[in-house]
Amino acid sequence: MIRGRISFSFANAVILEFALLAYPLAATAQRHGGGITGGSGLSGNSRPTGVKEDDTLKDFHQAIAVQATSQQTAEFQAAIKSTEDAKTQVQVFLDQRHKQDRSAEAVPREPVDLALENARSANKKFQQGFSPAQRSGLRDIAKRLAKADSDLDQEEKKLDQSLVLKAASSELAARAESLGKALTDFYNQQLALGREMSITLANGQDLAFNLPSASHPVRIANQTIAIPVSGDLTQISAQGGQRTFKLELTTNLTDLQQNITELLRAQLDTSDNCGQRIAIQQATLAPSTPAGLLVVKLHFERWTCSQMFGKQTSNELAEGEGTVEIKLTASVEKPGTLPGTSAGRLKITAAFGRIDATGMMGEALRSGSLGENLRNTVAQSVLMAAQTGSDFKTTLPPAVQNSAVLQSARFQDTGVGTLTILLDGQLEISNEQADALASQLNQALSAQGPPLR
């Protein structure tokens, strides 16, 4: 779902309403062969639809009375964005719950609780600014939204209780599903309230557009993880019919964080009878703005083989356990100036920090193949997830996909240990492209995608 700097064309609405009101008056004059004199002419010529003029005026004045102010429009944007952030966090939680090898403790609920609290608070703040006329005119839909808010609160409490009691995996999954459905209903009721207040979510003349948060599947080491991406466009200059926008895309790496141990095990664990034996015990990926920090605990063995009397024997030369810190940095290779080129390609670099290992294991990490393989595997795995945001064919609306250039990248901490990568870029579009962009964003909103899984 997208939000722009929301603009409602009041003048167009007024013109349309007066045009509708003027049409039956003109038809009456034509049928009676002269001007309108007194009220008898109107009373003798009722509308085919049976709708009275005073009913139309009443509806018109009602629409004007509940119309959002510019400040309310901004608050509605903030409320919708908070709800979308909550949907992203709940979706990540749901994806983790569907992984059967996950224990309840391995799936943190703090990001979900914080996101839901922000969404509900922003919604309440938005409604607190209603005028008396808006409170009266929006009473029914506000009640439906309040009911959705209450249901969401109850489902969140039920899930938290199940987690505290360490309920069975099937019960936790069901609670998470119910929470997702309650959040979807809450979101839809918010959108309905916005429509009642004549809020359109994008217009070609807007100076900023918010891009929808969408989850993209990424396959790494035969495992699929979900990578949500959202973004913003902000105009920085305009000349003639051309407009330049700053592009910011946020790629959420929460699912990568939750699965990093299994991903590294699948790629690095080895059991060579006559060489190295590696076992990844635990891996933790966390933000260290503007970088990311990966801490890996691993078990190491070195074996040698010899032939004696035609029989091969294996002997252990060394064994140990160690901890390695790897600093991850994001950059963009040769930022481009021409849209549609390969310039501006995302790059992830992995470099060792502290290495807590001695003997053969320490040597293998610092200067041997073990260290090189570990760095390369980590960098490639993180890159596969992070570059989802830089794929403009999937993250940007069609109207601007070929107009964007990636310029810089950095890791970022969004709170409660959640790691994201922030991509900065730029795009130049015409006024016609801006109109098409707004249309595509509003179409995406109207499509009303499926509920959370």
# chains A, B, ... in the order shown; residues from 1 in each chain; ligands from 1
>>> residues_around(residues="Ile421 (chain A)", least_positions_apart="2", cutoff="7 Å", atoms="only C-alpha atoms", output="ChimeraX atom specification")
/A:250-252,386,409-412,419,423
>>> write_last_selection(atoms="N, CA, C and O atoms", output="mmCIF file, in the first residue's frame")
data_model
loop_
_atom_site.group_PDB
_atom_site.id
_atom_site.type_symbol
_atom_site.label_atom_id
_atom_site.label_comp_id
_atom_site.auth_asym_id
_atom_site.auth_seq_id
_atom_site.Cartn_x
_atom_site.Cartn_y
_atom_site.Cartn_z
ATOM 1 N N THR A 250 14.126 0.241 2.017
ATOM 2 C CA THR A 250 14.517 -0.440 3.248
ATOM 3 C C THR A 250 14.259 -1.931 3.103
ATOM 4 O O THR A 250 13.120 -2.349 2.881
ATOM 5 N N THR A 251 15.319 -2.718 3.213
ATOM 6 C CA THR A 251 15.232 -4.170 3.099
ATOM 7 C C THR A 251 15.351 -4.780 4.486
ATOM 8 O O THR A 251 16.367 -4.608 5.167
ATOM 9 N N ASN A 252 14.320 -5.484 4.914
ATOM 10 C CA ASN A 252 14.262 -6.064 6.254
ATOM 11 C C ASN A 252 14.900 -7.459 6.241
ATOM 12 O O ASN A 252 14.458 -8.357 5.527
ATOM 13 N N ALA A 386 20.104 -9.247 0.721
ATOM 14 C CA ALA A 386 20.077 -7.788 0.691
ATOM 15 C C ALA A 386 19.785 -7.228 -0.695
ATOM 16 O O ALA A 386 19.139 -6.185 -0.826
ATOM 17 N N ALA A 409 24.589 2.419 -0.025
ATOM 18 C CA ALA A 409 23.939 1.406 0.806
ATOM 19 C C ALA A 409 24.612 1.361 2.170
ATOM 20 O O ALA A 409 25.826 1.581 2.286
ATOM 21 N N ARG A 410 23.830 1.042 3.193
ATOM 22 C CA ARG A 410 24.386 0.892 4.541
ATOM 23 C C ARG A 410 23.428 0.057 5.390
ATOM 24 O O ARG A 410 22.223 0.034 5.150
ATOM 25 N N PHE A 411 23.997 -0.631 6.380
ATOM 26 C CA PHE A 411 23.179 -1.369 7.326
ATOM 27 C C PHE A 411 22.627 -0.411 8.367
ATOM 28 O O PHE A 411 23.216 0.620 8.668
ATOM 29 N N GLN A 412 21.479 -0.795 8.953
ATOM 30 C CA GLN A 412 20.803 0.095 9.888
ATOM 31 C C GLN A 412 20.061 -0.719 10.936
ATOM 32 O O GLN A 412 19.521 -1.788 10.649
ATOM 33 N N LEU A 419 17.839 -6.038 11.943
ATOM 34 C CA LEU A 419 18.821 -5.556 10.968
ATOM 35 C C LEU A 419 18.142 -5.273 9.633
ATOM 36 O O LEU A 419 17.412 -6.105 9.107
ATOM 37 N N LEU A 423 18.981 1.400 1.192
ATOM 38 C CA LEU A 423 19.512 1.689 -0.136
ATOM 39 C C LEU A 423 19.067 3.086 -0.564
ATOM 40 O O LEU A 423 17.878 3.404 -0.506
#
>>> residues_around(residues="region 321-324 of chain A", least_positions_apart="5", cutoff="9 Å", atoms="only C-alpha atoms", output="ChimeraX atom specification")
/A:294-301,352-358,361-362,365
>>> closest_residue(among="A:Leu427, A:Ala330, A:Met360, A:Leu263", to="Arg302 (chain A)", atoms="only C-alpha atoms")
A:Met360
>>> residues_around(residues="Asp113 (chain A)", least_positions_apart="2", cutoff="12 Å", atoms="only C-alpha atoms", output="PyMOL selection string")
chain A and resi 85-87+89-90+93+108-111+115-120+152-153+155-157+159-160+179+416
>>> closest_residue(among="A:Glu84, A:Glu75, A:Glu372, A:Asp272", to="Ser213 (chain A)", atoms="only C-alpha atoms")
A:Glu84
>>> residues_around(residues="Leu163 (chain A)", least_positions_apart="2", cutoff="9 Å", atoms="only C-alpha atoms", output="list in words")
Ala104, Glu105, Arg109, Lys158, Leu159, Asp160, Gln161, Leu165, Lys166, Ala167 and Leu172 of chain A
>>> closest_residue(among="A:Ala202, A:Val164, A:Leu264, A:Leu183", to="Gln77 (chain A)", atoms="only C-alpha atoms")
A:Ala202
>>> residues_around(residues="Lys147 (chain A)", least_positions_apart="5", cutoff="12 Å", atoms="only C-alpha atoms", output="list of chain:residue names")
A:Asp140, A:Ile141, A:Ala142, A:Leu152, A:Asp153, A:Gln154, A:Ala182, A:Leu183, A:Asp185, A:Phe186, A:Gln189, A:Gln190
>>> write_last_selection(atoms="all heavy atoms", output="compact mmCIF listing (two decimals), in the first residue's frame")
# COMPACT_ATOMS: atom_id res chain seq x y z
N ASP A 140 -20.38 5.73 12.42
CA ASP A 140 -20.56 4.31 12.14
C ASP A 140 -19.25 3.63 11.77
O ASP A 140 -18.92 2.55 12.30
CB ASP A 140 -21.57 4.13 11.00
CG ASP A 140 -22.98 4.51 11.44
OD1 ASP A 140 -23.23 4.55 12.66
OD2 ASP A 140 -23.82 4.77 10.55
N ILE A 141 -18.50 4.25 10.87
CA ILE A 141 -17.26 3.61 10.45
C ILE A 141 -16.22 3.65 11.56
O ILE A 141 -15.39 2.74 11.69
CB ILE A 141 -16.71 4.26 9.15
CG1 ILE A 141 -15.61 3.38 8.56
CG2 ILE A 141 -16.20 5.67 9.39
CD1 ILE A 141 -15.22 3.77 7.17
N ALA A 142 -16.26 4.69 12.40
CA ALA A 142 -15.35 4.76 13.54
C ALA A 142 -15.63 3.64 14.53
O ALA A 142 -14.71 3.09 15.15
CB ALA A 142 -15.46 6.11 14.24
N LEU A 152 -8.02 -6.76 17.65
CA LEU A 152 -6.57 -6.87 17.49
C LEU A 152 -5.88 -6.95 18.84
O LEU A 152 -4.96 -7.76 19.04
CB LEU A 152 -6.06 -5.67 16.69
CG LEU A 152 -4.55 -5.59 16.42
CD1 LEU A 152 -4.09 -6.80 15.63
CD2 LEU A 152 -4.21 -4.30 15.68
N ASP A 153 -6.32 -6.13 19.78
CA ASP A 153 -5.75 -6.14 21.13
C ASP A 153 -5.94 -7.50 21.79
O ASP A 153 -5.02 -8.04 22.42
CB ASP A 153 -6.40 -5.04 21.95
CG ASP A 153 -5.86 -4.99 23.38
OD1 ASP A 153 -4.63 -5.02 23.54
OD2 ASP A 153 -6.68 -4.92 24.32
N GLN A 154 -7.14 -8.06 21.65
CA GLN A 154 -7.42 -9.36 22.25
C GLN A 154 -6.57 -10.47 21.64
O GLN A 154 -6.04 -11.33 22.37
CB GLN A 154 -8.91 -9.69 22.10
CG GLN A 154 -9.84 -8.80 22.93
CD GLN A 154 -9.55 -8.90 24.41
OE1 GLN A 154 -9.37 -9.98 24.96
NE2 GLN A 154 -9.50 -7.75 25.07
N ALA A 182 -6.75 -10.45 12.27
CA ALA A 182 -7.26 -9.28 13.00
C ALA A 182 -6.55 -8.01 12.54
O ALA A 182 -7.17 -6.95 12.39
CB ALA A 182 -7.06 -9.47 14.51
N LEU A 183 -5.26 -8.11 12.27
CA LEU A 183 -4.51 -6.95 11.80
C LEU A 183 -4.95 -6.56 10.39
O LEU A 183 -5.05 -5.36 10.07
CB LEU A 183 -3.01 -7.25 11.82
CG LEU A 183 -2.08 -6.11 11.37
CD1 LEU A 183 -2.32 -4.86 12.21
CD2 LEU A 183 -0.62 -6.55 11.47
N ASP A 185 -7.96 -6.94 9.13
CA ASP A 185 -9.25 -6.26 9.27
C ASP A 185 -9.07 -4.84 9.79
O ASP A 185 -9.72 -3.90 9.31
CB ASP A 185 -10.15 -7.06 10.22
CG ASP A 185 -11.54 -6.44 10.35
OD1 ASP A 185 -12.15 -6.15 9.30
OD2 ASP A 185 -11.99 -6.24 11.49
N PHE A 186 -8.18 -4.67 10.76
CA PHE A 186 -7.88 -3.34 11.30
C PHE A 186 -7.37 -2.42 10.18
O PHE A 186 -7.79 -1.27 10.05
CB PHE A 186 -6.82 -3.50 12.39
CG PHE A 186 -6.34 -2.20 12.99
CD1 PHE A 186 -7.10 -1.52 13.93
CD2 PHE A 186 -5.12 -1.67 12.63
CE1 PHE A 186 -6.66 -0.34 14.50
CE2 PHE A 186 -4.66 -0.48 13.18
CZ PHE A 186 -5.43 0.18 14.12
N GLN A 189 -10.20 -1.45 7.75
CA GLN A 189 -11.10 -0.46 8.33
C GLN A 189 -10.46 0.93 8.34
O GLN A 189 -11.14 1.95 8.16
CB GLN A 189 -11.48 -0.87 9.76
CG GLN A 189 -12.31 -2.14 9.86
CD GLN A 189 -13.66 -2.02 9.16
OE1 GLN A 189 -14.18 -0.92 8.96
NE2 GLN A 189 -14.23 -3.15 8.78
N GLN A 190 -9.14 0.99 8.54
CA GLN A 190 -8.44 2.26 8.44
C GLN A 190 -8.56 2.85 7.04
O GLN A 190 -8.84 4.05 6.87
CB GLN A 190 -6.95 2.09 8.78
CG GLN A 190 -6.63 2.03 10.25
CD GLN A 190 -5.14 1.97 10.47
OE1 GLN A 190 -4.46 1.07 10.01
NE2 GLN A 190 -4.62 2.95 11.20
>>> residues_around(residues="Gly417 (chain A)", least_positions_apart="2", cutoff="8 Å", atoms="only C-alpha atoms", output="list in words")
Ala286, Pro287, Asp413, Thr414, Gly415 and Leu419 of chain A
>>> select_by_dssp(residues="region 162-352 of chain A", states="alpha helix (DSSP H)", output="ChimeraX atom specification")
/A:162-164,169-196,254-268
>>> closest_residue(among="A:Lys81, A:Arg243, A:Arg345, A:Arg375", to="Ser390 (chain A)", atoms="only C-alpha atoms")
A:Arg345
>>> atom_distance(atom1="CA of Gly344 (chain A)", atom2="CA of Ala226 (chain A)")
23.9 Å
>>> select_by_dssp(residues="region 192-389 of chain A", states="strand (DSSP E or B)", output="PyMOL selection string")
chain A and resi 208-220+223-239+242-252+270-271+276-288+291-308+311-333+345-356
>>> closest_residue(among="A:Asn273, A:Glu248, A:Ile80, A:Cys305", to="Leu193 (chain A)", atoms="only C-alpha atoms")
A:Ile80
>>> closest_residue(among="A:Ser408, A:Thr289, A:Gln282, A:Thr418", to="Leu346 (chain A)", atoms="only C-alpha atoms")
A:Ser408
>>> decode(residues="region 171-290 of chain A", atoms="C-alpha atoms", output="PDB file, in the first residue's frame")
ATOM      1  CA  GLU A 171      -1.576 -23.617  19.069  1.00  0.00           C
ATOM      2  CA  LEU A 172       1.043 -20.912  18.591  1.00  0.00           C
ATOM      3  CA  ALA A 173       0.635 -21.119  14.827  1.00  0.00           C
ATOM      4  CA  ALA A 174      -3.147 -20.796  15.153  1.00  0.00           C
ATOM      5  CA  ARG A 175      -2.802 -17.786  17.471  1.00  0.00           C
ATOM      6  CA  ALA A 176      -0.410 -16.131  15.052  1.00  0.00           C
ATOM      7  CA  GLU A 177      -2.818 -16.731  12.160  1.00  0.00           C
ATOM      8  CA  SER A 178      -5.666 -15.151  14.137  1.00  0.00           C
ATOM      9  CA  LEU A 179      -3.505 -12.142  14.936  1.00  0.00           C
ATOM     10  CA  GLY A 180      -2.693 -11.736  11.251  1.00  0.00           C
ATOM     11  CA  LYS A 181      -6.350 -11.795  10.290  1.00  0.00           C
ATOM     12  CA  ALA A 182      -7.256  -9.279  13.002  1.00  0.00           C
ATOM     13  CA  LEU A 183      -4.510  -6.947  11.796  1.00  0.00           C
ATOM     14  CA  THR A 184      -5.727  -7.230   8.201  1.00  0.00           C
ATOM     15  CA  ASP A 185      -9.254  -6.264   9.271  1.00  0.00           C
ATOM     16  CA  PHE A 186      -7.877  -3.341  11.295  1.00  0.00           C
ATOM     17  CA  TYR A 187      -5.909  -2.182   8.246  1.00  0.00           C
ATOM     18  CA  ASN A 188      -8.911  -2.435   5.923  1.00  0.00           C
ATOM     19  CA  GLN A 189     -11.098  -0.458   8.333  1.00  0.00           C
ATOM     20  CA  GLN A 190      -8.439   2.263   8.443  1.00  0.00           C
ATOM     21  CA  LEU A 191      -8.457   2.490   4.657  1.00  0.00           C
ATOM     22  CA  ALA A 192     -12.245   2.647   4.624  1.00  0.00           C
ATOM     23  CA  LEU A 193     -12.150   5.542   7.090  1.00  0.00           C
ATOM     24  CA  GLY A 194      -9.663   7.360   4.888  1.00  0.00           C
ATOM     25  CA  ARG A 195     -11.892   6.955   1.846  1.00  0.00           C
ATOM     26  CA  GLU A 196     -14.867   8.377   3.768  1.00  0.00           C
ATOM     27  CA  MET A 197     -12.755  11.447   4.482  1.00  0.00           C
ATOM     28  CA  SER A 198     -12.004  11.905   0.762  1.00  0.00           C
ATOM     29  CA  ILE A 199      -8.359  10.947   1.168  1.00  0.00           C
ATOM     30  CA  THR A 200      -6.717   9.691  -1.992  1.00  0.00           C
ATOM     31  CA  LEU A 201      -3.407   8.002  -1.374  1.00  0.00           C
ATOM     32  CA  ALA A 202      -1.401   9.224  -4.348  1.00  0.00           C
ATOM     33  CA  ASN A 203      -1.590  12.050  -6.875  1.00  0.00           C
ATOM     34  CA  GLY A 204       0.739  12.846  -9.742  1.00  0.00           C
ATOM     35  CA  GLN A 205       1.473  16.277  -8.279  1.00  0.00           C
ATOM     36  CA  ASP A 206       2.567  14.900  -4.896  1.00  0.00           C
ATOM     37  CA  LEU A 207       6.084  15.750  -3.753  1.00  0.00           C
ATOM     38  CA  ALA A 208       6.533  12.381  -2.025  1.00  0.00           C
ATOM     39  CA  PHE A 209       5.325   8.826  -2.540  1.00  0.00           C
ATOM     40  CA  ASN A 210       5.498   5.853  -0.195  1.00  0.00           C
ATOM     41  CA  LEU A 211       6.117   2.488  -1.820  1.00  0.00           C
ATOM     42  CA  PRO A 212       4.310  -0.630  -0.603  1.00  0.00           C
ATOM     43  CA  SER A 213       5.890  -3.064   1.793  1.00  0.00           C
ATOM     44  CA  ALA A 214       6.067  -6.383  -0.034  1.00  0.00           C
ATOM     45  CA  SER A 215       7.652  -9.667   1.028  1.00  0.00           C
ATOM     46  CA  HIS A 216       9.940 -11.330  -1.510  1.00  0.00           C
ATOM     47  CA  PRO A 217      11.065 -14.992  -1.257  1.00  0.00           C
ATOM     48  CA  VAL A 218      14.803 -15.660  -1.563  1.00  0.00           C
ATOM     49  CA  ARG A 219      16.362 -19.103  -1.943  1.00  0.00           C
ATOM     50  CA  ILE A 220      19.623 -19.584  -0.049  1.00  0.00           C
ATOM     51  CA  ALA A 221      21.239 -22.995   0.516  1.00  0.00           C
ATOM     52  CA  ASN A 222      18.016 -24.829  -0.406  1.00  0.00           C
ATOM     53  CA  GLN A 223      16.028 -22.810   2.111  1.00  0.00           C
ATOM     54  CA  THR A 224      13.506 -20.068   1.347  1.00  0.00           C
ATOM     55  CA  ILE A 225      13.480 -16.957   3.491  1.00  0.00           C
ATOM     56  CA  ALA A 226      11.186 -13.916   3.298  1.00  0.00           C
ATOM     57  CA  ILE A 227      12.677 -10.466   2.653  1.00  0.00           C
ATOM     58  CA  PRO A 228      10.221  -7.530   3.043  1.00  0.00           C
ATOM     59  CA  VAL A 229      11.091  -4.330   1.159  1.00  0.00           C
ATOM     60  CA  SER A 230       9.472  -0.894   1.486  1.00  0.00           C
ATOM     61  CA  GLY A 231      10.458   2.565   0.339  1.00  0.00           C
ATOM     62  CA  ASP A 232       9.897   6.263  -0.210  1.00  0.00           C
ATOM     63  CA  LEU A 233      10.269   8.747  -3.050  1.00  0.00           C
ATOM     64  CA  THR A 234      10.892  12.411  -2.216  1.00  0.00           C
ATOM     65  CA  GLN A 235      11.155  15.148  -4.836  1.00  0.00           C
ATOM     66  CA  ILE A 236      14.404  17.120  -4.638  1.00  0.00           C
ATOM     67  CA  SER A 237      14.152  19.237  -7.795  1.00  0.00           C
ATOM     68  CA  ALA A 238      11.956  20.008 -10.803  1.00  0.00           C
ATOM     69  CA  GLN A 239      12.722  21.702 -14.084  1.00  0.00           C
ATOM     70  CA  GLY A 240      10.230  22.028 -16.890  1.00  0.00           C
ATOM     71  CA  GLY A 241       8.469  18.721 -17.327  1.00  0.00           C
ATOM     72  CA  GLN A 242      11.199  16.705 -15.572  1.00  0.00           C
ATOM     73  CA  ARG A 243      11.258  15.900 -11.852  1.00  0.00           C
ATOM     74  CA  THR A 244      14.065  14.382  -9.772  1.00  0.00           C
ATOM     75  CA  PHE A 245      13.264  12.197  -6.738  1.00  0.00           C
ATOM     76  CA  LYS A 246      15.415  10.799  -3.969  1.00  0.00           C
ATOM     77  CA  LEU A 247      14.813   7.056  -3.583  1.00  0.00           C
ATOM     78  CA  GLU A 248      15.080   5.213  -0.261  1.00  0.00           C
ATOM     79  CA  LEU A 249      14.466   1.473  -0.045  1.00  0.00           C
ATOM     80  CA  THR A 250      14.517  -0.440   3.248  1.00  0.00           C
ATOM     81  CA  THR A 251      15.232  -4.170   3.099  1.00  0.00           C
ATOM     82  CA  ASN A 252      14.262  -6.064   6.254  1.00  0.00           C
ATOM     83  CA  LEU A 253      16.711  -8.896   7.076  1.00  0.00           C
ATOM     84  CA  THR A 254      14.881 -10.294  10.125  1.00  0.00           C
ATOM     85  CA  ASP A 255      14.238 -13.685   8.526  1.00  0.00           C
ATOM     86  CA  LEU A 256      17.893 -13.932   7.523  1.00  0.00           C
ATOM     87  CA  GLN A 257      18.868 -13.205  11.131  1.00  0.00           C
ATOM     88  CA  GLN A 258      16.571 -15.943  12.403  1.00  0.00           C
ATOM     89  CA  ASN A 259      17.936 -18.550   9.977  1.00  0.00           C
ATOM     90  CA  ILE A 260      21.601 -17.604   9.714  1.00  0.00           C
ATOM     91  CA  THR A 261      22.822 -20.578  11.789  1.00  0.00           C
ATOM     92  CA  GLU A 262      21.054 -23.137   9.592  1.00  0.00           C
ATOM     93  CA  LEU A 263      22.118 -21.379   6.397  1.00  0.00           C
ATOM     94  CA  LEU A 264      25.795 -21.423   7.375  1.00  0.00           C
ATOM     95  CA  ARG A 265      25.593 -25.040   8.556  1.00  0.00           C
ATOM     96  CA  ALA A 266      24.183 -26.119   5.204  1.00  0.00           C
ATOM     97  CA  GLN A 267      27.072 -24.461   3.362  1.00  0.00           C
ATOM     98  CA  LEU A 268      30.067 -24.876   5.684  1.00  0.00           C
ATOM     99  CA  ASP A 269      29.650 -28.029   7.770  1.00  0.00           C
ATOM    100  CA  THR A 270      32.106 -30.677   6.547  1.00  0.00           C
ATOM    101  CA  SER A 271      33.207 -34.106   7.699  1.00  0.00           C
ATOM    102  CA  ASP A 272      36.353 -34.972   5.742  1.00  0.00           C
ATOM    103  CA  ASN A 273      37.991 -38.181   6.933  1.00  0.00           C
ATOM    104  CA  CYS A 274      41.374 -36.931   5.785  1.00  0.00           C
ATOM    105  CA  GLY A 275      41.212 -33.198   6.280  1.00  0.00           C
ATOM    106  CA  GLN A 276      39.169 -30.538   8.048  1.00  0.00           C
ATOM    107  CA  ARG A 277      35.964 -31.220   9.878  1.00  0.00           C
ATOM    108  CA  ILE A 278      33.876 -28.129  10.528  1.00  0.00           C
ATOM    109  CA  ALA A 279      30.664 -27.794  12.536  1.00  0.00           C
ATOM    110  CA  ILE A 280      28.873 -24.459  12.896  1.00  0.00           C
ATOM    111  CA  GLN A 281      27.505 -24.422  16.433  1.00  0.00           C
ATOM    112  CA  GLN A 282      25.806 -21.033  16.511  1.00  0.00           C
ATOM    113  CA  ALA A 283      25.699 -17.854  14.452  1.00  0.00           C
ATOM    114  CA  THR A 284      24.238 -14.488  15.437  1.00  0.00           C
ATOM    115  CA  LEU A 285      23.651 -11.634  12.998  1.00  0.00           C
ATOM    116  CA  ALA A 286      23.024  -8.210  14.554  1.00  0.00           C
ATOM    117  CA  PRO A 287      23.182  -4.531  13.581  1.00  0.00           C
ATOM    118  CA  SER A 288      26.281  -2.462  14.293  1.00  0.00           C
ATOM    119  CA  THR A 289      25.298   0.691  12.384  1.00  0.00           C
ATOM    120  CA  PRO A 290      26.422   1.478   9.735  1.00  0.00           C
TER     121      PRO A 290
END
